[in-house]
Each structure stands twice: as C-alpha cells, then as structure tokens.
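S.K.: Below is the file target_19.pdb, which contains PDB, C-alpha atoms and all ligand atoms.
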```pdb
ATOM      1  CA  MET A  24       0.000   0.000   0.000  1.00  0.00           C
ATOM      2  CA  LEU A  25       1.253   3.481  -0.898  1.00  0.00           C
ATOM      3  CA  ASP A  26       1.214   6.535   1.370  1.00  0.00           C
ATOM      4  CA  ILE A  27      -1.251   9.202   0.257  1.00  0.00           C
ATOM      5  CA  SER A  28      -0.015  12.814   0.316  1.00  0.00           C
ATOM      6  CA  LYS A  29      -2.201  15.190   2.306  1.00  0.00           C
ATOM      7  CA  LEU A  30      -3.048  18.882   2.046  1.00  0.00           C
ATOM      8  CA  GLY A  31       0.103  20.805   3.013  1.00  0.00           C
ATOM      9  CA  ASP A  32       2.487  18.382   1.263  1.00  0.00           C
ATOM     10  CA  ASP A  33       4.455  20.277  -1.405  1.00  0.00           C
ATOM     11  CA  ILE A  34       4.056  17.516  -4.008  1.00  0.00           C
ATOM     12  CA  LEU A  35       0.329  18.329  -4.269  1.00  0.00           C
ATOM     13  CA  ARG A  36       1.194  21.821  -5.555  1.00  0.00           C
ATOM     14  CA  VAL A  37       3.615  20.797  -8.311  1.00  0.00           C
ATOM     15  CA  LYS A  38       2.872  21.028 -12.034  1.00  0.00           C
ATOM     16  CA  CYS A  39       3.719  17.461 -12.986  1.00  0.00           C
ATOM     17  CA  SER A  40       5.833  16.525 -15.981  1.00  0.00           C
ATOM     18  CA  GLU A  41       4.972  14.359 -18.952  1.00  0.00           C
ATOM     19  CA  VAL A  42       5.496  10.586 -18.834  1.00  0.00           C
ATOM     20  CA  LYS A  43       8.051   9.612 -21.484  1.00  0.00           C
ATOM     21  CA  THR A  44       8.887   6.057 -20.463  1.00  0.00           C
ATOM     22  CA  PHE A  45       6.228   3.360 -20.516  1.00  0.00           C
ATOM     23  CA  ASP A  46       7.913   0.562 -18.633  1.00  0.00           C
ATOM     24  CA  ARG A  47       7.148  -2.162 -16.114  1.00  0.00           C
ATOM     25  CA  SER A  48       7.688   0.213 -13.185  1.00  0.00           C
ATOM     26  CA  LEU A  49       4.899   2.494 -14.465  1.00  0.00           C
ATOM     27  CA  GLU A  50       2.619  -0.523 -14.726  1.00  0.00           C
ATOM     28  CA  LEU A  51       3.481  -1.713 -11.205  1.00  0.00           C
ATOM     29  CA  LEU A  52       2.986   1.768  -9.782  1.00  0.00           C
ATOM     30  CA  THR A  53      -0.474   2.126 -11.350  1.00  0.00           C
ATOM     31  CA  GLU A  54      -1.438  -1.315 -10.000  1.00  0.00           C
ATOM     32  CA  ALA A  55      -0.350  -0.222  -6.516  1.00  0.00           C
ATOM     33  CA  MET A  56      -2.313   3.003  -6.987  1.00  0.00           C
ATOM     34  CA  PHE A  57      -5.502   1.066  -7.817  1.00  0.00           C
ATOM     35  CA  GLU A  58      -5.018  -1.036  -4.668  1.00  0.00           C
ATOM     36  CA  THR A  59      -4.334   2.016  -2.501  1.00  0.00           C
ATOM     37  CA  MET A  60      -7.333   3.855  -3.962  1.00  0.00           C
ATOM     38  CA  GLU A  61      -9.673   0.898  -3.458  1.00  0.00           C
ATOM     39  CA  GLU A  62      -8.452   0.348   0.107  1.00  0.00           C
ATOM     40  CA  ALA A  63      -9.158   4.037   0.836  1.00  0.00           C
ATOM     41  CA  GLU A  64     -12.559   3.715  -0.894  1.00  0.00           C
ATOM     42  CA  GLY A  65     -11.732   6.397  -3.441  1.00  0.00           C
ATOM     43  CA  ILE A  66     -12.702   6.444  -7.115  1.00  0.00           C
ATOM     44  CA  GLY A  67      -9.599   8.217  -8.401  1.00  0.00           C
ATOM     45  CA  LEU A  68      -5.967   8.729  -7.487  1.00  0.00           C
ATOM     46  CA  ALA A  69      -3.359  10.905  -9.198  1.00  0.00           C
ATOM     47  CA  ALA A  70       0.426  10.304  -9.250  1.00  0.00           C
ATOM     48  CA  PRO A  71       1.311  13.360  -7.106  1.00  0.00           C
ATOM     49  CA  GLN A  72      -0.981  11.972  -4.395  1.00  0.00           C
ATOM     50  CA  VAL A  73       1.468   9.085  -4.027  1.00  0.00           C
ATOM     51  CA  GLY A  74       4.533  11.328  -4.231  1.00  0.00           C
ATOM     52  CA  VAL A  75       5.225  11.068  -7.985  1.00  0.00           C
ATOM     53  CA  ASP A  76       5.416  14.293 -10.027  1.00  0.00           C
ATOM     54  CA  LYS A  77       4.295  12.729 -13.329  1.00  0.00           C
ATOM     55  CA  ARG A  78       1.176  13.249 -15.425  1.00  0.00           C
ATOM     56  CA  PHE A  79      -0.996  10.207 -14.837  1.00  0.00           C
ATOM     57  CA  PHE A  80      -3.921   9.070 -12.735  1.00  0.00           C
ATOM     58  CA  VAL A  81      -6.161   6.059 -12.208  1.00  0.00           C
ATOM     59  CA  ILE A  82      -9.944   5.973 -11.996  1.00  0.00           C
ATOM     60  CA  GLY A  83     -12.095   3.087 -10.799  1.00  0.00           C
ATOM     61  CA  LEU A  84     -15.869   3.242 -10.508  1.00  0.00           C
ATOM     62  CA  PRO A  85     -17.064   0.107  -8.701  1.00  0.00           C
ATOM     63  CA  SER A  86     -20.708   0.751  -9.662  1.00  0.00           C
ATOM     64  CA  ASP A  87     -20.128   0.103 -13.370  1.00  0.00           C
ATOM     65  CA  GLY A  88     -16.832  -1.791 -13.349  1.00  0.00           C
ATOM     66  CA  PHE A  89     -14.925   1.082 -14.990  1.00  0.00           C
ATOM     67  CA  ARG A  90     -11.179   0.868 -14.310  1.00  0.00           C
ATOM     68  CA  LYS A  91      -8.674   2.880 -16.323  1.00  0.00           C
ATOM     69  CA  VAL A  92      -5.217   4.474 -16.300  1.00  0.00           C
ATOM     70  CA  PHE A  93      -4.885   7.911 -17.938  1.00  0.00           C
ATOM     71  CA  VAL A  94      -1.323   8.871 -18.880  1.00  0.00           C
ATOM     72  CA  ASN A  95      -0.467  12.353 -20.221  1.00  0.00           C
ATOM     73  CA  PRO A  96      -4.179  13.257 -20.384  1.00  0.00           C
ATOM     74  CA  GLN A  97      -5.496  16.319 -22.173  1.00  0.00           C
ATOM     75  CA  ILE A  98      -9.046  17.538 -21.784  1.00  0.00           C
ATOM     76  CA  ILE A  99      -9.809  18.455 -25.391  1.00  0.00           C
ATOM     77  CA  GLU A 100     -13.464  19.416 -25.019  1.00  0.00           C
ATOM     78  CA  THR A 101     -15.797  20.419 -22.185  1.00  0.00           C
ATOM     79  CA  SER A 102     -19.550  20.957 -22.293  1.00  0.00           C
ATOM     80  CA  VAL A 103     -20.890  24.479 -21.905  1.00  0.00           C
ATOM     81  CA  GLU A 104     -23.372  23.133 -19.393  1.00  0.00           C
ATOM     82  CA  GLU A 105     -22.017  23.036 -15.847  1.00  0.00           C
ATOM     83  CA  GLY A 106     -23.380  21.624 -12.628  1.00  0.00           C
ATOM     84  CA  PRO A 107     -22.675  21.020  -8.937  1.00  0.00           C
ATOM     85  CA  TYR A 108     -21.424  17.785  -7.432  1.00  0.00           C
ATOM     86  CA  GLU A 109     -20.257  16.959  -3.905  1.00  0.00           C
ATOM     87  CA  GLU A 110     -16.523  16.230  -4.274  1.00  0.00           C
ATOM     88  CA  GLY A 111     -14.103  14.661  -1.855  1.00  0.00           C
ATOM     89  CA  CYS A 112     -10.403  13.921  -2.154  1.00  0.00           C
ATOM     90  CA  LEU A 113      -8.167  11.283  -0.561  1.00  0.00           C
ATOM     91  CA  SER A 114      -5.691  14.090   0.210  1.00  0.00           C
ATOM     92  CA  LEU A 115      -8.333  15.818   2.375  1.00  0.00           C
ATOM     93  CA  PRO A 116      -9.834  12.745   4.036  1.00  0.00           C
ATOM     94  CA  GLY A 117     -13.297  12.939   5.536  1.00  0.00           C
ATOM     95  CA  LEU A 118     -14.179  16.258   3.876  1.00  0.00           C
ATOM     96  CA  SER A 119     -16.306  17.145   0.867  1.00  0.00           C
ATOM     97  CA  HIS A 120     -17.805  20.211  -0.777  1.00  0.00           C
ATOM     98  CA  GLU A 121     -19.993  20.974  -3.753  1.00  0.00           C
ATOM     99  CA  VAL A 122     -17.956  22.030  -6.801  1.00  0.00           C
ATOM    100  CA  ILE A 123     -19.274  23.425 -10.097  1.00  0.00           C
ATOM    101  CA  ARG A 124     -17.720  21.954 -13.241  1.00  0.00           C
ATOM    102  CA  PRO A 125     -18.653  21.137 -16.840  1.00  0.00           C
ATOM    103  CA  LEU A 126     -20.958  18.106 -17.018  1.00  0.00           C
ATOM    104  CA  GLU A 127     -19.230  16.438 -19.973  1.00  0.00           C
ATOM    105  CA  VAL A 128     -15.619  16.202 -21.065  1.00  0.00           C
ATOM    106  CA  THR A 129     -13.678  14.573 -23.857  1.00  0.00           C
ATOM    107  CA  VAL A 130     -10.224  13.409 -22.835  1.00  0.00           C
ATOM    108  CA  PHE A 131      -7.308  12.319 -24.975  1.00  0.00           C
ATOM    109  CA  ALA A 132      -4.738  10.200 -23.126  1.00  0.00           C
ATOM    110  CA  GLN A 133      -2.407   7.213 -23.313  1.00  0.00           C
ATOM    111  CA  ASP A 134      -2.808   3.891 -21.550  1.00  0.00           C
ATOM    112  CA  VAL A 135      -0.095   2.328 -19.403  1.00  0.00           C
ATOM    113  CA  HIS A 136       1.622   0.942 -22.533  1.00  0.00           C
ATOM    114  CA  GLY A 137       1.588   4.293 -24.349  1.00  0.00           C
ATOM    115  CA  LYS A 138      -1.360   3.538 -26.629  1.00  0.00           C
ATOM    116  CA  ALA A 139      -3.457   6.651 -27.287  1.00  0.00           C
ATOM    117  CA  PHE A 140      -7.219   6.764 -26.750  1.00  0.00           C
ATOM    118  CA  THR A 141     -10.015   9.321 -26.711  1.00  0.00           C
ATOM    119  CA  LEU A 142     -12.879   9.066 -24.257  1.00  0.00           C
ATOM    120  CA  LYS A 143     -16.051  11.087 -23.983  1.00  0.00           C
ATOM    121  CA  ALA A 144     -17.396  11.067 -20.435  1.00  0.00           C
ATOM    122  CA  GLU A 145     -20.377  12.359 -18.519  1.00  0.00           C
ATOM    123  CA  GLY A 146     -21.709  12.042 -14.974  1.00  0.00           C
ATOM    124  CA  LEU A 147     -19.429  10.761 -12.234  1.00  0.00           C
ATOM    125  CA  LEU A 148     -16.690   9.754 -14.690  1.00  0.00           C
ATOM    126  CA  ALA A 149     -16.506  13.263 -16.197  1.00  0.00           C
ATOM    127  CA  ARG A 150     -16.312  14.634 -12.671  1.00  0.00           C
ATOM    128  CA  ALA A 151     -13.521  12.254 -11.625  1.00  0.00           C
ATOM    129  CA  ILE A 152     -11.474  12.962 -14.774  1.00  0.00           C
ATOM    130  CA  GLN A 153     -11.579  16.732 -14.145  1.00  0.00           C
ATOM    131  CA  HIS A 154     -10.756  16.349 -10.444  1.00  0.00           C
ATOM    132  CA  GLU A 155      -7.781  14.047 -11.132  1.00  0.00           C
ATOM    133  CA  TYR A 156      -6.609  16.185 -14.038  1.00  0.00           C
ATOM    134  CA  ASP A 157      -6.427  19.195 -11.689  1.00  0.00           C
ATOM    135  CA  HIS A 158      -4.048  17.228  -9.421  1.00  0.00           C
ATOM    136  CA  LEU A 159      -1.531  17.015 -12.291  1.00  0.00           C
ATOM    137  CA  ASP A 160      -1.415  20.813 -12.391  1.00  0.00           C
ATOM    138  CA  GLY A 161      -1.012  21.089  -8.616  1.00  0.00           C
ATOM    139  CA  LYS A 162      -4.629  22.077  -8.136  1.00  0.00           C
ATOM    140  CA  LEU A 163      -7.122  20.822  -5.519  1.00  0.00           C
ATOM    141  CA  TYR A 164     -10.909  21.055  -5.572  1.00  0.00           C
ATOM    142  CA  ILE A 165     -10.844  23.570  -2.708  1.00  0.00           C
ATOM    143  CA  ASP A 166      -9.058  25.991  -5.079  1.00  0.00           C
ATOM    144  CA  ARG A 167     -12.301  26.100  -7.080  1.00  0.00           C
ATOM    145  CA  LEU A 168     -14.361  27.327  -4.102  1.00  0.00           C
ATOM    146  CA  SER A 169     -14.824  30.919  -2.964  1.00  0.00           C
ATOM    147  CA  PRO A 170     -11.966  32.257  -0.767  1.00  0.00           C
ATOM    148  CA  ASP A 171     -14.190  31.980   2.330  1.00  0.00           C
ATOM    149  CA  GLU A 172     -15.262  28.425   1.552  1.00  0.00           C
ATOM    150  CA  LYS A 173     -11.667  27.430   0.871  1.00  0.00           C
ATOM    151  CA  LYS A 174     -10.497  28.936   4.162  1.00  0.00           C
ATOM    152  CA  HIS A 175     -13.227  27.059   5.990  1.00  0.00           C
ATOM    153  CA  MET A 176     -12.230  23.749   4.370  1.00  0.00           C
ATOM    154  CA  ILE A 177      -8.571  24.263   5.358  1.00  0.00           C
ATOM    155  CA  GLU A 178      -9.659  24.946   8.944  1.00  0.00           C
ATOM    156  CA  LEU A 179     -11.764  21.774   8.979  1.00  0.00           C
ATOM    157  CA  PHE A 180      -8.810  19.805   7.628  1.00  0.00           C
ATOM    158  CA  LYS A 181      -6.463  21.165  10.317  1.00  0.00           C
ATOM    159  CA  ARG A 182      -8.990  20.491  13.066  1.00  0.00           C
ATOM    160  CA  ARG A 183      -9.417  16.915  11.856  1.00  0.00           C
ATOM    161  CA  LYS A 184      -5.663  16.372  11.731  1.00  0.00           C
ATOM    162  CA  LYS A 185      -5.266  17.696  15.268  1.00  0.00           C
ATOM    163  CA  ASN A 186      -8.008  15.423  16.589  1.00  0.00           C
ATOM    164  CA  GLU A 187      -6.458  12.464  14.791  1.00  0.00           C
ATOM    165  CA  ARG A 188      -3.122  13.121  16.494  1.00  0.00           C
ATOM    166  CA  LYS A 189      -4.819  13.396  19.875  1.00  0.00           C
ATOM    167  CA  GLY A 190      -6.585  10.108  19.243  1.00  0.00           C
ATOM    168  CA  LYS A 191      -3.328   8.388  18.380  1.00  0.00           C
ATOM    169  CA  SER A 192      -1.472   9.602  21.464  1.00  0.00           C
ATOM    170  CA  ARG A 193      -4.373   8.573  23.656  1.00  0.00           C
ATOM    171  CA  LYS A 194      -4.162   5.066  22.302  1.00  0.00           C
ATOM    172  CA  ARG A 195      -0.480   4.916  23.177  1.00  0.00           C
ATOM    173  CA  VAL A 196      -1.034   5.732  26.846  1.00  0.00           C
TER     174      VAL A 196
HETATM  175 NI    NI A 201      -8.266  14.366  -5.197  1.00  0.00          NI
END
```
Could you spell out this file's structure in structure tokens?
Ligand code: NI

M.R.:
Amino acid sequence: MLDISKLGDDILRVKCSEVKTFDRSLELLTEAMFETMEEAEGIGLAAPQVGVDKRFFVIGLPSDGFRKVFVNPQIIETSVEEGPYEEGCLSLPGLSHEVIRPLEVTVFAQDVHGKAFTLKAEGLLARAIQHEYDHLDGKLYIDRLSPDEKKHMIELFKRRKKNERKGKSRKRV
C-alpha cells in the first residue's frame, strides 16, 4: 500500500511533468495506486498523491466496473453546461464540498503501454477525470471554491488532523 499525500504536502502543488517512459515500473505503480485507492474507498488517485510528479492518474468506478489508467491526459473538449457535485479527495480525508464543473468532457490520453485513446465522459466519470486532471497541475478542488469556503475547508482539515493526532497519542497511553 502506498502513502497518500495530504493537504500541506508540497508535491500536491507541483505542475507534474509528462510521462516519457512506458515501462514495467509504471505498470506496477499504477497497479499499486488502484489497490491504494480501493483500500481508501476512493474512485480516483493521481500520481502526485502518491509522491510522484508525473502526469498520470487512475480511476475506478465500482458501480459500473470502470477501471482505467490515464497517462499524459489532455481535456480536449468540455460541455458548456455546468453543474454542482459533492466532491471529496483522498488528500483531504473525511471532507467534501460541492464544486461546479462542466458536465461532460472529452479526454485524450495514453494507456499504461503508451497507446493513445479518446474518451467522452459524462456524470461521475466526467467529474472524476476533471478532479484528477487538476491534481496534475497542482490544483485541488478547494481551489475552485470561494476564498471563504476554501479557508473554511482548510480549517476543517487542520482540526481533523489535530483530533487524529490526539486520538493516536491517547491510544499509546
Ligand atoms: Ni483528489
């Protein structure tokens, strides 16, 4: 299982670089990312969230069996129509907030072997693709909220972290 970077870790704010080598280590890393994501009950995980500053992410939607690696993705089209959806992120565990985004996207990407594909997505998949894509540019969903909402989310995150630490030390005593 891989460690998941949390809000405050510098790696989450990096603009990641293109993947140029499609080798066995990339394949193994994406497999470990799927396992880590599933264990954490997430539906998407981007490379910087596991400490890797490269442009790729994995998405797995248990409800419809969708499971895919997106390497060097580009969002080539977005719908004009936008809508709200309650988003969470494994880097801000336990929190969520409504975010407005386009409802449909078309993404061009490569698979883990370097083979190119184009995918048109809507619903939860379109949402997950945009959220994960943001991670590759060092962006988090809280950056898309109003300054006040963002501040509030950061405070909630810090409070949660503090309580977690307290809980841990209590267990040790
Ligand atoms: Ni996320």

S.K.: Enumerate, as a PyMOL selection string, the residues matched when the PyMOL selection byres (((chain A and resi 71) around 8) and not hetatm) is run on the file above.

M.R.: chain A and resi 28+34-35+37+39+69-70+72-77+158-159

S.K.: Which residue, A:Ala151, A:Leu179, A:Ala139, A:Ala55, has the smallest gap to ligand NI 201 (chain A) when you use all atoms listed in the file?

M.R.: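 Once distances to ligand NI 201 (chain A) are computed over all atoms listed in the file, the minimum belongs to A:Ala151.
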
S.K.: Could you write out as a ChimeraX atom specification the residues that the PyMOL selection byres (((not hetatm)) within 7 of (chain A and resi 201)) matches in the shown file?

M.R.: /A:68,111-114,154-155,158,163

S.K.: Separation of atom CA of Arg90 of chain A and atom CA of Arg36 of chain A, in Å?

M.R.: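 These two atoms are separated by 25.9 Å.
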
S.K.: For the PyMOL selection byres (((chain A and resi 63-67) around 6) and not hetatm), applied here, can you spell out every residue it catches as a list of chain:residue names?

M.R.: A:Met60, A:Glu61, A:Glu62, A:Leu68, A:Val81, A:Ile82, A:Gly83, A:Leu84

S.K.: Centre and edge lengths, as JSON, for the axis-aligned box enclosing every listed atom of segment 51-69 of chain A with 3 Å of padding on each of the six sides, in Å to one decimal?

M.R.:
```
{"center_x": -4.6, "center_y": 4.6, "center_z": -5.3, "size_x": 22.2, "size_y": 18.6, "size_z": 18.2}
```

S.K.: Between atom CA of Glu100 of chain A and atom CA of Phe80 of chain A, what is the distance, to one decimal in Å?

M.R.: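 Atom CA of Phe80 of chain A lies 18.7 Å from atom CA of Glu100 of chain A.
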
S.K.: Neighbouring residues of Lys143 of chain A were defined as those with any atom within 7 Å, considering all atoms listed in the file; residues of the same chain fewer than 5 positions away were excluded. Please report them as number ranges by chain.

M.R.: A: 128-130

S.K.: For Thr53 of chain A, which residue out of A:Val135, A:Leu142, A:Val103, A:Ile123 is the nearest one, using only C-alpha atoms?

M.R.: A:Val135

S.K.: Which of these residues is nearest to Leu148 of chain A, using all atoms listed in the file: A:Leu52, A:Ile98, A:Leu168, A:Leu126?

M.R.: A:Leu126

S.K.: How many Å lie between atom CA of Phe131 of chain A and atom CA of Thr44 of chain A, rounded to one decimal?

M.R.: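 Rounded to one decimal, the two atoms are 17.9 Å apart.
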
S.K.: Between A:Asp157, A:Lys29, A:Gly146, A:Gly137, single out the one closest to Ser102 of chain A, counting all atoms listed in the file.

M.R.: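 Selected residue with least distance to Ser102 of chain A: A:Gly146.
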